[in-house]
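With PDB, C-alpha atoms inside, this is work.pdb:
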```pdb
ATOM      1  CA  MET A   1     -13.257 -15.961  20.127  1.00  0.00           C
ATOM      2  CA  THR A   2      -9.794 -17.403  19.652  1.00  0.00           C
ATOM      3  CA  ASP A   3      -7.082 -15.288  18.016  1.00  0.00           C
ATOM      4  CA  GLU A   4      -5.761 -18.259  16.046  1.00  0.00           C
ATOM      5  CA  ILE A   5      -6.266 -18.200  12.288  1.00  0.00           C
ATOM      6  CA  VAL A   6      -7.183 -21.584  10.857  1.00  0.00           C
ATOM      7  CA  ILE A   7      -6.844 -22.197   7.126  1.00  0.00           C
ATOM      8  CA  GLU A   8      -8.747 -25.054   5.529  1.00  0.00           C
ATOM      9  CA  ALA A   9     -10.513 -26.142   2.369  1.00  0.00           C
ATOM     10  CA  ALA A  10     -13.785 -24.321   1.734  1.00  0.00           C
ATOM     11  CA  THR A  11     -17.054 -26.226   1.949  1.00  0.00           C
ATOM     12  CA  ASP A  12     -20.435 -25.500   0.414  1.00  0.00           C
ATOM     13  CA  ALA A  13     -21.537 -24.090   3.774  1.00  0.00           C
ATOM     14  CA  ASP A  14     -18.846 -21.383   3.424  1.00  0.00           C
ATOM     15  CA  ALA A  15     -20.133 -19.962   0.136  1.00  0.00           C
ATOM     16  CA  GLY A  16     -22.256 -17.135   1.530  1.00  0.00           C
ATOM     17  CA  ALA A  17     -19.680 -15.920   4.042  1.00  0.00           C
ATOM     18  CA  LEU A  18     -16.922 -16.245   1.448  1.00  0.00           C
ATOM     19  CA  LEU A  19     -18.870 -14.050  -0.955  1.00  0.00           C
ATOM     20  CA  VAL A  20     -19.435 -11.423   1.763  1.00  0.00           C
ATOM     21  CA  VAL A  21     -15.717 -11.307   2.634  1.00  0.00           C
ATOM     22  CA  GLN A  22     -14.727 -11.218  -1.028  1.00  0.00           C
ATOM     23  CA  ARG A  23     -17.060  -8.337  -1.768  1.00  0.00           C
ATOM     24  CA  SER A  24     -15.960  -6.386   1.296  1.00  0.00           C
ATOM     25  CA  ALA A  25     -12.306  -6.883   0.367  1.00  0.00           C
ATOM     26  CA  TYR A  26     -12.733  -5.834  -3.259  1.00  0.00           C
ATOM     27  CA  VAL A  27     -14.830  -2.704  -2.666  1.00  0.00           C
ATOM     28  CA  SER A  28     -11.654  -0.657  -2.176  1.00  0.00           C
ATOM     29  CA  GLU A  29     -10.305  -1.999  -5.474  1.00  0.00           C
ATOM     30  CA  ALA A  30     -13.503  -1.008  -7.253  1.00  0.00           C
ATOM     31  CA  GLN A  31     -13.277   2.471  -5.745  1.00  0.00           C
ATOM     32  CA  ARG A  32      -9.604   2.775  -6.683  1.00  0.00           C
ATOM     33  CA  TYR A  33     -10.381   1.982 -10.318  1.00  0.00           C
ATOM     34  CA  GLY A  34     -13.764   3.669 -10.517  1.00  0.00           C
ATOM     35  CA  ASP A  35     -15.388   0.414 -11.651  1.00  0.00           C
ATOM     36  CA  PRO A  36     -18.078  -1.160  -9.444  1.00  0.00           C
ATOM     37  CA  PHE A  37     -18.432  -4.104 -11.831  1.00  0.00           C
ATOM     38  CA  ILE A  38     -15.110  -5.865 -11.295  1.00  0.00           C
ATOM     39  CA  PRO A  39     -15.576  -9.669 -11.394  1.00  0.00           C
ATOM     40  CA  PRO A  40     -15.118 -10.354  -7.650  1.00  0.00           C
ATOM     41  CA  LEU A  41     -17.956  -7.917  -6.907  1.00  0.00           C
ATOM     42  CA  ILE A  42     -20.437  -9.261  -9.416  1.00  0.00           C
ATOM     43  CA  GLU A  43     -19.781 -12.958  -8.881  1.00  0.00           C
ATOM     44  CA  THR A  44     -22.927 -14.805  -7.839  1.00  0.00           C
ATOM     45  CA  LEU A  45     -23.450 -17.255  -5.005  1.00  0.00           C
ATOM     46  CA  ASP A  46     -23.934 -20.031  -7.577  1.00  0.00           C
ATOM     47  CA  GLU A  47     -20.552 -19.185  -9.125  1.00  0.00           C
ATOM     48  CA  VAL A  48     -18.869 -19.302  -5.715  1.00  0.00           C
ATOM     49  CA  CYS A  49     -20.518 -22.661  -5.031  1.00  0.00           C
ATOM     50  CA  ALA A  50     -19.246 -23.966  -8.369  1.00  0.00           C
ATOM     51  CA  ALA A  51     -15.701 -22.809  -7.550  1.00  0.00           C
ATOM     52  CA  ILE A  52     -15.854 -24.548  -4.181  1.00  0.00           C
ATOM     53  CA  GLY A  53     -17.204 -27.690  -5.832  1.00  0.00           C
ATOM     54  CA  ALA A  54     -14.302 -27.694  -8.292  1.00  0.00           C
ATOM     55  CA  GLY A  55     -11.816 -27.608  -5.405  1.00  0.00           C
ATOM     56  CA  GLY A  56      -8.876 -25.311  -4.873  1.00  0.00           C
ATOM     57  CA  VAL A  57     -10.643 -22.830  -2.586  1.00  0.00           C
ATOM     58  CA  LEU A  58      -9.195 -22.157   0.854  1.00  0.00           C
ATOM     59  CA  VAL A  59     -10.723 -20.123   3.648  1.00  0.00           C
ATOM     60  CA  ALA A  60      -9.244 -18.511   6.731  1.00  0.00           C
ATOM     61  CA  ARG A  61     -11.213 -18.520   9.962  1.00  0.00           C
ATOM     62  CA  LEU A  62     -10.783 -16.518  13.122  1.00  0.00           C
ATOM     63  CA  GLY A  63     -12.847 -18.487  15.594  1.00  0.00           C
ATOM     64  CA  ALA A  64     -16.186 -19.118  13.900  1.00  0.00           C
ATOM     65  CA  ARG A  65     -15.800 -16.135  11.551  1.00  0.00           C
ATOM     66  CA  LEU A  66     -14.662 -16.635   7.956  1.00  0.00           C
ATOM     67  CA  VAL A  67     -12.130 -13.823   7.416  1.00  0.00           C
ATOM     68  CA  GLY A  68     -10.384 -14.610   4.138  1.00  0.00           C
ATOM     69  CA  SER A  69     -10.192 -16.824   1.087  1.00  0.00           C
ATOM     70  CA  VAL A  70      -8.095 -17.649  -1.937  1.00  0.00           C
ATOM     71  CA  ARG A  71      -8.525 -19.796  -5.032  1.00  0.00           C
ATOM     72  CA  TRP A  72      -5.974 -21.813  -6.915  1.00  0.00           C
ATOM     73  CA  ARG A  73      -5.698 -24.404  -9.627  1.00  0.00           C
ATOM     74  CA  LEU A  74      -2.776 -26.460 -10.851  1.00  0.00           C
ATOM     75  CA  GLU A  75      -2.435 -26.759 -14.618  1.00  0.00           C
ATOM     76  CA  ASP A  76       0.599 -28.201 -16.425  1.00  0.00           C
ATOM     77  CA  GLY A  77       2.860 -27.521 -13.442  1.00  0.00           C
ATOM     78  CA  VAL A  78       1.695 -23.914 -13.036  1.00  0.00           C
ATOM     79  CA  CYS A  79      -0.333 -22.928  -9.995  1.00  0.00           C
ATOM     80  CA  HIS A  80      -2.749 -20.128 -10.892  1.00  0.00           C
ATOM     81  CA  VAL A  81      -3.649 -18.102  -7.787  1.00  0.00           C
ATOM     82  CA  GLY A  82      -6.662 -15.806  -7.691  1.00  0.00           C
ATOM     83  CA  ARG A  83      -9.247 -13.946  -5.677  1.00  0.00           C
ATOM     84  CA  LEU A  84      -7.127 -13.578  -2.553  1.00  0.00           C
ATOM     85  CA  SER A  85      -9.312 -11.631  -0.151  1.00  0.00           C
ATOM     86  CA  VAL A  86      -9.240 -10.696   3.515  1.00  0.00           C
ATOM     87  CA  ALA A  87     -11.969  -8.979   5.504  1.00  0.00           C
ATOM     88  CA  GLY A  88     -11.307  -5.246   5.478  1.00  0.00           C
ATOM     89  CA  ASP A  89     -11.085  -4.871   9.256  1.00  0.00           C
ATOM     90  CA  LEU A  90      -8.397  -7.576   9.436  1.00  0.00           C
ATOM     91  CA  GLN A  91      -6.142  -6.598   6.558  1.00  0.00           C
ATOM     92  CA  GLY A  92      -2.509  -6.171   7.550  1.00  0.00           C
ATOM     93  CA  ARG A  93      -2.601  -9.069  10.043  1.00  0.00           C
ATOM     94  CA  GLN A  94      -0.769 -11.585   7.805  1.00  0.00           C
ATOM     95  CA  ILE A  95      -3.939 -13.474   6.861  1.00  0.00           C
ATOM     96  CA  GLY A  96      -3.309 -12.941   3.142  1.00  0.00           C
ATOM     97  CA  SER A  97       0.277 -14.110   3.587  1.00  0.00           C
ATOM     98  CA  ARG A  98      -0.879 -17.225   5.407  1.00  0.00           C
ATOM     99  CA  LEU A  99      -3.424 -18.025   2.690  1.00  0.00           C
ATOM    100  CA  LEU A 100      -0.813 -17.565  -0.036  1.00  0.00           C
ATOM    101  CA  SER A 101       1.710 -19.749   1.801  1.00  0.00           C
ATOM    102  CA  GLU A 102      -0.893 -22.470   2.255  1.00  0.00           C
ATOM    103  CA  VAL A 103      -1.685 -22.478  -1.469  1.00  0.00           C
ATOM    104  CA  GLU A 104       2.008 -22.931  -2.194  1.00  0.00           C
ATOM    105  CA  ARG A 105       2.225 -25.765   0.339  1.00  0.00           C
ATOM    106  CA  ARG A 106      -0.795 -27.572  -1.093  1.00  0.00           C
ATOM    107  CA  ALA A 107       0.249 -27.158  -4.733  1.00  0.00           C
ATOM    108  CA  GLY A 108       3.216 -29.433  -4.163  1.00  0.00           C
ATOM    109  CA  GLU A 109       3.664 -30.407  -7.825  1.00  0.00           C
ATOM    110  CA  ALA A 110       3.817 -26.805  -9.041  1.00  0.00           C
ATOM    111  CA  ARG A 111       6.958 -25.651 -10.830  1.00  0.00           C
ATOM    112  CA  SER A 112       5.788 -22.044 -10.717  1.00  0.00           C
ATOM    113  CA  TYR A 113       2.997 -19.810  -9.465  1.00  0.00           C
ATOM    114  CA  THR A 114       1.215 -17.047 -11.320  1.00  0.00           C
ATOM    115  CA  LEU A 115      -1.300 -14.370 -10.409  1.00  0.00           C
ATOM    116  CA  PHE A 116      -2.364 -10.853 -11.305  1.00  0.00           C
ATOM    117  CA  THR A 117      -3.402  -7.781  -9.368  1.00  0.00           C
ATOM    118  CA  GLY A 118      -4.332  -4.208 -10.124  1.00  0.00           C
ATOM    119  CA  ALA A 119      -1.431  -2.080 -11.341  1.00  0.00           C
ATOM    120  CA  ASP A 120      -2.583   0.732  -9.032  1.00  0.00           C
ATOM    121  CA  SER A 121      -2.715  -1.517  -5.963  1.00  0.00           C
ATOM    122  CA  PRO A 122       0.696  -1.048  -4.332  1.00  0.00           C
ATOM    123  CA  ALA A 123      -0.153  -2.919  -1.110  1.00  0.00           C
ATOM    124  CA  ASN A 124      -1.136  -6.002  -3.100  1.00  0.00           C
ATOM    125  CA  ILE A 125       2.003  -5.797  -5.227  1.00  0.00           C
ATOM    126  CA  ARG A 126       4.183  -5.470  -2.098  1.00  0.00           C
ATOM    127  CA  LEU A 127       2.500  -8.514  -0.532  1.00  0.00           C
ATOM    128  CA  TYR A 128       3.257 -10.662  -3.552  1.00  0.00           C
ATOM    129  CA  GLU A 129       6.812  -9.331  -3.877  1.00  0.00           C
ATOM    130  CA  ARG A 130       7.462 -10.238  -0.220  1.00  0.00           C
ATOM    131  CA  HIS A 131       6.502 -13.792  -1.173  1.00  0.00           C
ATOM    132  CA  GLY A 132       8.957 -13.889  -4.076  1.00  0.00           C
ATOM    133  CA  TYR A 133       6.618 -12.980  -6.947  1.00  0.00           C
ATOM    134  CA  ARG A 134       8.025 -10.774  -9.699  1.00  0.00           C
ATOM    135  CA  SER A 135       6.225  -8.729 -12.314  1.00  0.00           C
ATOM    136  CA  THR A 136       6.267 -10.209 -15.814  1.00  0.00           C
ATOM    137  CA  HIS A 137       4.108  -7.711 -17.672  1.00  0.00           C
ATOM    138  CA  VAL A 138       1.293  -5.190 -17.419  1.00  0.00           C
ATOM    139  CA  GLN A 139      -1.972  -5.815 -19.236  1.00  0.00           C
ATOM    140  CA  ARG A 140      -4.235  -2.852 -19.956  1.00  0.00           C
ATOM    141  CA  LEU A 141      -7.808  -4.019 -19.523  1.00  0.00           C
ATOM    142  CA  ASN A 142      -9.541  -0.729 -20.330  1.00  0.00           C
ATOM    143  CA  ASP A 143      -9.029   3.014 -19.849  1.00  0.00           C
ATOM    144  CA  LYS A 144      -9.334   2.612 -16.045  1.00  0.00           C
ATOM    145  CA  VAL A 145      -7.812  -0.757 -15.206  1.00  0.00           C
ATOM    146  CA  SER A 146      -4.434  -2.378 -15.828  1.00  0.00           C
ATOM    147  CA  PHE A 147      -3.252  -5.649 -14.320  1.00  0.00           C
ATOM    148  CA  VAL A 148       0.265  -6.511 -13.215  1.00  0.00           C
ATOM    149  CA  HIS A 149       0.950 -10.176 -13.952  1.00  0.00           C
ATOM    150  CA  MET A 150       3.366 -11.768 -11.529  1.00  0.00           C
ATOM    151  CA  THR A 151       5.112 -15.112 -11.302  1.00  0.00           C
ATOM    152  CA  LYS A 152       7.230 -17.063  -8.876  1.00  0.00           C
ATOM    153  CA  SER A 153       9.369 -20.095  -9.616  1.00  0.00           C
ATOM    154  CA  VAL A 154       9.498 -22.945  -7.134  1.00  0.00           C
ATOM    155  CA  GLY A 155      12.421 -22.391  -4.824  1.00  0.00           C
ATOM    156  CA  ALA A 156      12.321 -18.598  -5.256  1.00  0.00           C
TER
END
```

Can the structure in the file be given as structure tokens, please?
Amino acid sequence: MTDEIVIEAATDADAGALLVVQRSAYVSEAQRYGDPFIPPLIETLDEVCAAIGAGGVLVARLGARLVGSVRWRLEDGVCHVGRLSVAGDLQGRQIGSRLLSEVERRAGEARSYTLFTGADSPANIRLYERHGYRSTHVQRLNDKVSFVHMTKSVGA
């Protein structure tokens, strides 16, 4: 297996592997918040297929293995980034950074980028801050979960 990470648009054939990686990546988030029903864990294969069909889904591959993914959509000059996930055994190897950078490269018409992550997820927050994202506000979802909303202006 090659050690080179390749990032490309997801295809329908990637849906199952993407869902496995997403679920493995978000299990630690569910444990952190004591909520096994967070959306990335309960998403169905049909929903992943629909997201891929709509476009704006990238995957990272290490050889033949799908090891990460991210979703994005451009709306009125704002690129909304979501569901960034990296296989648990490969976290900390810059795969998430590479996926995020590729979204920003592909969303060439964006004036800004926005995303959210768990308020009690310091590694995620640090990743986004390293890429120039800044916290705009905290949204309390329920008694267990709060989200930090973050944004980045083009050129930041």

Atom-to-atom span, atom CA of Ser112 of chain A and atom CA of Gly155 of chain A, Å: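 These atoms are spaced 8.9 Å apart.
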
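Closest approach to Val78 of chain A among A:Ile7, A:Val27, A:Ala13, A:Leu115: A:Leu115, based on only C-alpha atoms.
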
Care to translate the PyMOL selection byres ((chain A and resi 117-129) around 12) into actual residues of this file, as a short mmCIF file (atom, residue, chain, number, x, y, z; two decimals) with C-alpha atoms, in the frame of the given file?
```cif
data_model
loop_
_atom_site.label_atom_id
_atom_site.label_comp_id
_atom_site.auth_asym_id
_atom_site.auth_seq_id
_atom_site.Cartn_x
_atom_site.Cartn_y
_atom_site.Cartn_z
CA ALA A 25 -12.31 -6.88 0.37
CA TYR A 26 -12.73 -5.83 -3.26
CA SER A 28 -11.65 -0.66 -2.18
CA GLU A 29 -10.30 -2.00 -5.47
CA ALA A 30 -13.50 -1.01 -7.25
CA GLN A 31 -13.28 2.47 -5.74
CA ARG A 32 -9.60 2.78 -6.68
CA TYR A 33 -10.38 1.98 -10.32
CA GLY A 34 -13.76 3.67 -10.52
CA ILE A 38 -15.11 -5.86 -11.30
CA VAL A 81 -3.65 -18.10 -7.79
CA GLY A 82 -6.66 -15.81 -7.69
CA ARG A 83 -9.25 -13.95 -5.68
CA LEU A 84 -7.13 -13.58 -2.55
CA SER A 85 -9.31 -11.63 -0.15
CA VAL A 86 -9.24 -10.70 3.52
CA GLN A 91 -6.14 -6.60 6.56
CA GLY A 92 -2.51 -6.17 7.55
CA ARG A 93 -2.60 -9.07 10.04
CA GLN A 94 -0.77 -11.58 7.80
CA ILE A 95 -3.94 -13.47 6.86
CA GLY A 96 -3.31 -12.94 3.14
CA SER A 97 0.28 -14.11 3.59
CA ARG A 98 -0.88 -17.23 5.41
CA LEU A 99 -3.42 -18.02 2.69
CA LEU A 100 -0.81 -17.57 -0.04
CA SER A 101 1.71 -19.75 1.80
CA TYR A 113 3.00 -19.81 -9.46
CA THR A 114 1.22 -17.05 -11.32
CA LEU A 115 -1.30 -14.37 -10.41
CA PHE A 116 -2.36 -10.85 -11.30
CA ARG A 130 7.46 -10.24 -0.22
CA HIS A 131 6.50 -13.79 -1.17
CA GLY A 132 8.96 -13.89 -4.08
CA TYR A 133 6.62 -12.98 -6.95
CA ARG A 134 8.02 -10.77 -9.70
CA SER A 135 6.22 -8.73 -12.31
CA THR A 136 6.27 -10.21 -15.81
CA HIS A 137 4.11 -7.71 -17.67
CA VAL A 138 1.29 -5.19 -17.42
CA GLN A 139 -1.97 -5.82 -19.24
CA ARG A 140 -4.24 -2.85 -19.96
CA LEU A 141 -7.81 -4.02 -19.52
CA ASN A 142 -9.54 -0.73 -20.33
CA LYS A 144 -9.33 2.61 -16.05
CA VAL A 145 -7.81 -0.76 -15.21
CA SER A 146 -4.43 -2.38 -15.83
CA PHE A 147 -3.25 -5.65 -14.32
CA VAL A 148 0.26 -6.51 -13.22
CA HIS A 149 0.95 -10.18 -13.95
CA MET A 150 3.37 -11.77 -11.53
CA THR A 151 5.11 -15.11 -11.30
CA LYS A 152 7.23 -17.06 -8.88
CA ALA A 156 12.32 -18.60 -5.26
#
```

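Nearest to Asp89 of chain A of all the residues A:Leu19, A:Val67, A:Leu45, A:Val154 is A:Val67, counting all atoms listed in the file.
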
Result set of the PyMOL selection byres ((chain A and resi 62) around 10) on the coordinates above, as a list of chain:residue names: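 Applied to this file, the PyMOL selection byres ((chain A and resi 62) around 10) returns A:Met1, A:Thr2, A:Asp3, A:Glu4, A:Ile5, A:Val6, A:Ile7, A:Ala60, A:Arg61, A:Gly63, A:Ala64, A:Arg65, A:Leu66, A:Val67, A:Gly68, A:Leu90, A:Ile95.
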
Residue nearest Asp35 of chain A - candidates A:Asp143, A:Asp12, A:Asp76, A:Glu47, atoms counted: all atoms listed in the file: A:Asp143

Specify the axis-aligned box that encloses all atoms of segment 54-63 of chain A listed in the file after padding of 3 Å on each side, stating its centre and edge lengths in Å to one decimal as lines of an AutoDock Vina configuration file.
```
center_x = -11.6
center_y = -22.1
center_z = 3.7
size_x = 11.4
size_y = 17.2
size_z = 29.9
```

Between atom CA of Glu43 of chain A and atom CA of Ala107 of chain A, distance in Å (one decimal):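 Separating atom CA of Glu43 of chain A from atom CA of Ala107 of chain A is a distance of 24.9 Å.
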
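If you look at atom CA of Ser153 of chain A and atom CA of Arg111 of chain A, they are 6.2 Å away from each other.
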
For Cys79 of chain A, list every protein, DNA or RNA residue within 6 Å, evaluated using only C-alpha atoms, and leave out those in the same chain fewer than 4 positions away; present the list as an mmCIF file with C-alpha atoms, keeping the file's coordinate frame.
```
data_model
loop_
_atom_site.group_PDB
_atom_site.id
_atom_site.type_symbol
_atom_site.label_atom_id
_atom_site.label_comp_id
_atom_site.auth_asym_id
_atom_site.auth_seq_id
_atom_site.Cartn_x
_atom_site.Cartn_y
_atom_site.Cartn_z
ATOM 1 C CA ARG A 73 -5.698 -24.404 -9.627
ATOM 2 C CA LEU A 74 -2.776 -26.460 -10.851
ATOM 3 C CA ALA A 110 3.817 -26.805 -9.041
ATOM 4 C CA TYR A 113 2.997 -19.810 -9.465
#
```

Nearest to Gln22 of chain A, chosen from A:Gly53, A:Gly108, A:Gly88, A:Pro36, with only C-alpha atoms counted in the distances: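 For Gln22 of chain A, the nearest of the candidates is A:Gly88.
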
Of the listed residues A:Ala54, A:Ile42, A:Val59, A:Val48, that which approaches Ala10 of chain A most closely, counting only C-alpha atoms: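 With only C-alpha atoms as the atom set, the closest residue is A:Val59.
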
Selected residue of minimal separation from Gly56 of chain A among A:Val21, A:Phe37, A:Arg71, A:Asp14, counting only C-alpha atoms: A:Arg71

Can segment 17-28 of chain A be brought up to all heavy atoms and written out as a PDB file, in the coordinates of the input?
```
ATOM      1  N   ALA A  17     -20.648 -16.725   3.295  1.00  0.00           N
ATOM      2  CA  ALA A  17     -19.680 -15.920   4.042  1.00  0.00           C
ATOM      3  C   ALA A  17     -18.477 -15.575   3.174  1.00  0.00           C
ATOM      4  O   ALA A  17     -17.948 -14.454   3.253  1.00  0.00           O
ATOM      5  CB  ALA A  17     -19.245 -16.655   5.302  1.00  0.00           C
ATOM      6  N   LEU A  18     -18.038 -16.511   2.347  1.00  0.00           N
ATOM      7  CA  LEU A  18     -16.922 -16.245   1.448  1.00  0.00           C
ATOM      8  C   LEU A  18     -17.263 -15.099   0.507  1.00  0.00           C
ATOM      9  O   LEU A  18     -16.452 -14.185   0.300  1.00  0.00           O
ATOM     10  CB  LEU A  18     -16.577 -17.512   0.660  1.00  0.00           C
ATOM     11  CG  LEU A  18     -15.336 -17.494  -0.206  1.00  0.00           C
ATOM     12  CD1 LEU A  18     -14.853 -18.911  -0.443  1.00  0.00           C
ATOM     13  CD2 LEU A  18     -15.562 -16.818  -1.535  1.00  0.00           C
ATOM     14  N   LEU A  19     -18.452 -15.114  -0.037  1.00  0.00           N
ATOM     15  CA  LEU A  19     -18.870 -14.050  -0.955  1.00  0.00           C
ATOM     16  C   LEU A  19     -18.926 -12.700  -0.244  1.00  0.00           C
ATOM     17  O   LEU A  19     -18.498 -11.684  -0.808  1.00  0.00           O
ATOM     18  CB  LEU A  19     -20.227 -14.398  -1.571  1.00  0.00           C
ATOM     19  CG  LEU A  19     -20.707 -13.517  -2.724  1.00  0.00           C
ATOM     20  CD1 LEU A  19     -19.692 -13.476  -3.866  1.00  0.00           C
ATOM     21  CD2 LEU A  19     -22.052 -14.017  -3.239  1.00  0.00           C
ATOM     22  N   VAL A  20     -19.391 -12.674   0.996  1.00  0.00           N
ATOM     23  CA  VAL A  20     -19.435 -11.423   1.763  1.00  0.00           C
ATOM     24  C   VAL A  20     -18.021 -10.884   1.984  1.00  0.00           C
ATOM     25  O   VAL A  20     -17.757  -9.692   1.773  1.00  0.00           O
ATOM     26  CB  VAL A  20     -20.170 -11.625   3.110  1.00  0.00           C
ATOM     27  CG1 VAL A  20     -19.971 -10.429   4.024  1.00  0.00           C
ATOM     28  CG2 VAL A  20     -21.651 -11.876   2.872  1.00  0.00           C
ATOM     29  N   VAL A  21     -17.097 -11.740   2.401  1.00  0.00           N
ATOM     30  CA  VAL A  21     -15.717 -11.307   2.634  1.00  0.00           C
ATOM     31  C   VAL A  21     -15.076 -10.834   1.325  1.00  0.00           C
ATOM     32  O   VAL A  21     -14.415  -9.794   1.282  1.00  0.00           O
ATOM     33  CB  VAL A  21     -14.883 -12.434   3.285  1.00  0.00           C
ATOM     34  CG1 VAL A  21     -13.394 -12.112   3.244  1.00  0.00           C
ATOM     35  CG2 VAL A  21     -15.351 -12.672   4.704  1.00  0.00           C
ATOM     36  N   GLN A  22     -15.290 -11.591   0.273  1.00  0.00           N
ATOM     37  CA  GLN A  22     -14.727 -11.218  -1.028  1.00  0.00           C
ATOM     38  C   GLN A  22     -15.228  -9.848  -1.466  1.00  0.00           C
ATOM     39  O   GLN A  22     -14.439  -8.983  -1.872  1.00  0.00           O
ATOM     40  CB  GLN A  22     -15.106 -12.282  -2.069  1.00  0.00           C
ATOM     41  CG  GLN A  22     -14.632 -11.970  -3.469  1.00  0.00           C
ATOM     42  CD  GLN A  22     -14.988 -13.093  -4.412  1.00  0.00           C
ATOM     43  OE1 GLN A  22     -14.460 -14.195  -4.285  1.00  0.00           O
ATOM     44  NE2 GLN A  22     -15.899 -12.843  -5.344  1.00  0.00           N
ATOM     45  N   ARG A  23     -16.505  -9.635  -1.356  1.00  0.00           N
ATOM     46  CA  ARG A  23     -17.060  -8.337  -1.768  1.00  0.00           C
ATOM     47  C   ARG A  23     -16.538  -7.209  -0.885  1.00  0.00           C
ATOM     48  O   ARG A  23     -16.191  -6.139  -1.386  1.00  0.00           O
ATOM     49  CB  ARG A  23     -18.585  -8.386  -1.760  1.00  0.00           C
ATOM     50  CG  ARG A  23     -19.133  -9.197  -2.920  1.00  0.00           C
ATOM     51  CD  ARG A  23     -20.635  -9.250  -2.925  1.00  0.00           C
ATOM     52  NE  ARG A  23     -21.114  -9.958  -4.108  1.00  0.00           N
ATOM     53  CZ  ARG A  23     -22.354 -10.365  -4.263  1.00  0.00           C
ATOM     54  NH1 ARG A  23     -23.268 -10.119  -3.316  1.00  0.00           N
ATOM     55  NH2 ARG A  23     -22.707 -11.004  -5.352  1.00  0.00           N
ATOM     56  N   SER A  24     -16.459  -7.444   0.412  1.00  0.00           N
ATOM     57  CA  SER A  24     -15.960  -6.386   1.296  1.00  0.00           C
ATOM     58  C   SER A  24     -14.493  -6.072   0.985  1.00  0.00           C
ATOM     59  O   SER A  24     -14.080  -4.912   1.039  1.00  0.00           O
ATOM     60  CB  SER A  24     -16.134  -6.764   2.768  1.00  0.00           C
ATOM     61  OG  SER A  24     -15.204  -7.736   3.183  1.00  0.00           O
ATOM     62  N   ALA A  25     -13.727  -7.089   0.653  1.00  0.00           N
ATOM     63  CA  ALA A  25     -12.306  -6.883   0.367  1.00  0.00           C
ATOM     64  C   ALA A  25     -12.085  -6.163  -0.959  1.00  0.00           C
ATOM     65  O   ALA A  25     -11.138  -5.386  -1.096  1.00  0.00           O
ATOM     66  CB  ALA A  25     -11.585  -8.231   0.351  1.00  0.00           C
ATOM     67  N   TYR A  26     -12.943  -6.395  -1.930  1.00  0.00           N
ATOM     68  CA  TYR A  26     -12.733  -5.834  -3.259  1.00  0.00           C
ATOM     69  C   TYR A  26     -13.421  -4.482  -3.480  1.00  0.00           C
ATOM     70  O   TYR A  26     -13.229  -3.858  -4.521  1.00  0.00           O
ATOM     71  CB  TYR A  26     -13.153  -6.830  -4.348  1.00  0.00           C
ATOM     72  CG  TYR A  26     -12.083  -7.863  -4.626  1.00  0.00           C
ATOM     73  CD1 TYR A  26     -12.035  -9.057  -3.926  1.00  0.00           C
ATOM     74  CD2 TYR A  26     -11.102  -7.624  -5.591  1.00  0.00           C
ATOM     75  CE1 TYR A  26     -11.048  -9.991  -4.179  1.00  0.00           C
ATOM     76  CE2 TYR A  26     -10.112  -8.556  -5.850  1.00  0.00           C
ATOM     77  CZ  TYR A  26     -10.092  -9.742  -5.136  1.00  0.00           C
ATOM     78  OH  TYR A  26      -9.101 -10.669  -5.390  1.00  0.00           O
ATOM     79  N   VAL A  27     -14.196  -4.015  -2.515  1.00  0.00           N
ATOM     80  CA  VAL A  27     -14.830  -2.704  -2.666  1.00  0.00           C
ATOM     81  C   VAL A  27     -13.777  -1.615  -2.832  1.00  0.00           C
ATOM     82  O   VAL A  27     -13.906  -0.725  -3.679  1.00  0.00           O
ATOM     83  CB  VAL A  27     -15.770  -2.400  -1.478  1.00  0.00           C
ATOM     84  CG1 VAL A  27     -16.119  -0.926  -1.399  1.00  0.00           C
ATOM     85  CG2 VAL A  27     -17.034  -3.228  -1.593  1.00  0.00           C
ATOM     86  N   SER A  28     -12.698  -1.680  -2.060  1.00  0.00           N
ATOM     87  CA  SER A  28     -11.654  -0.657  -2.176  1.00  0.00           C
ATOM     88  C   SER A  28     -10.989  -0.698  -3.544  1.00  0.00           C
ATOM     89  O   SER A  28     -10.610   0.340  -4.088  1.00  0.00           O
ATOM     90  CB  SER A  28     -10.614  -0.818  -1.066  1.00  0.00           C
ATOM     91  OG  SER A  28      -9.975  -2.079  -1.157  1.00  0.00           O
TER      92      SER A  28
END
```
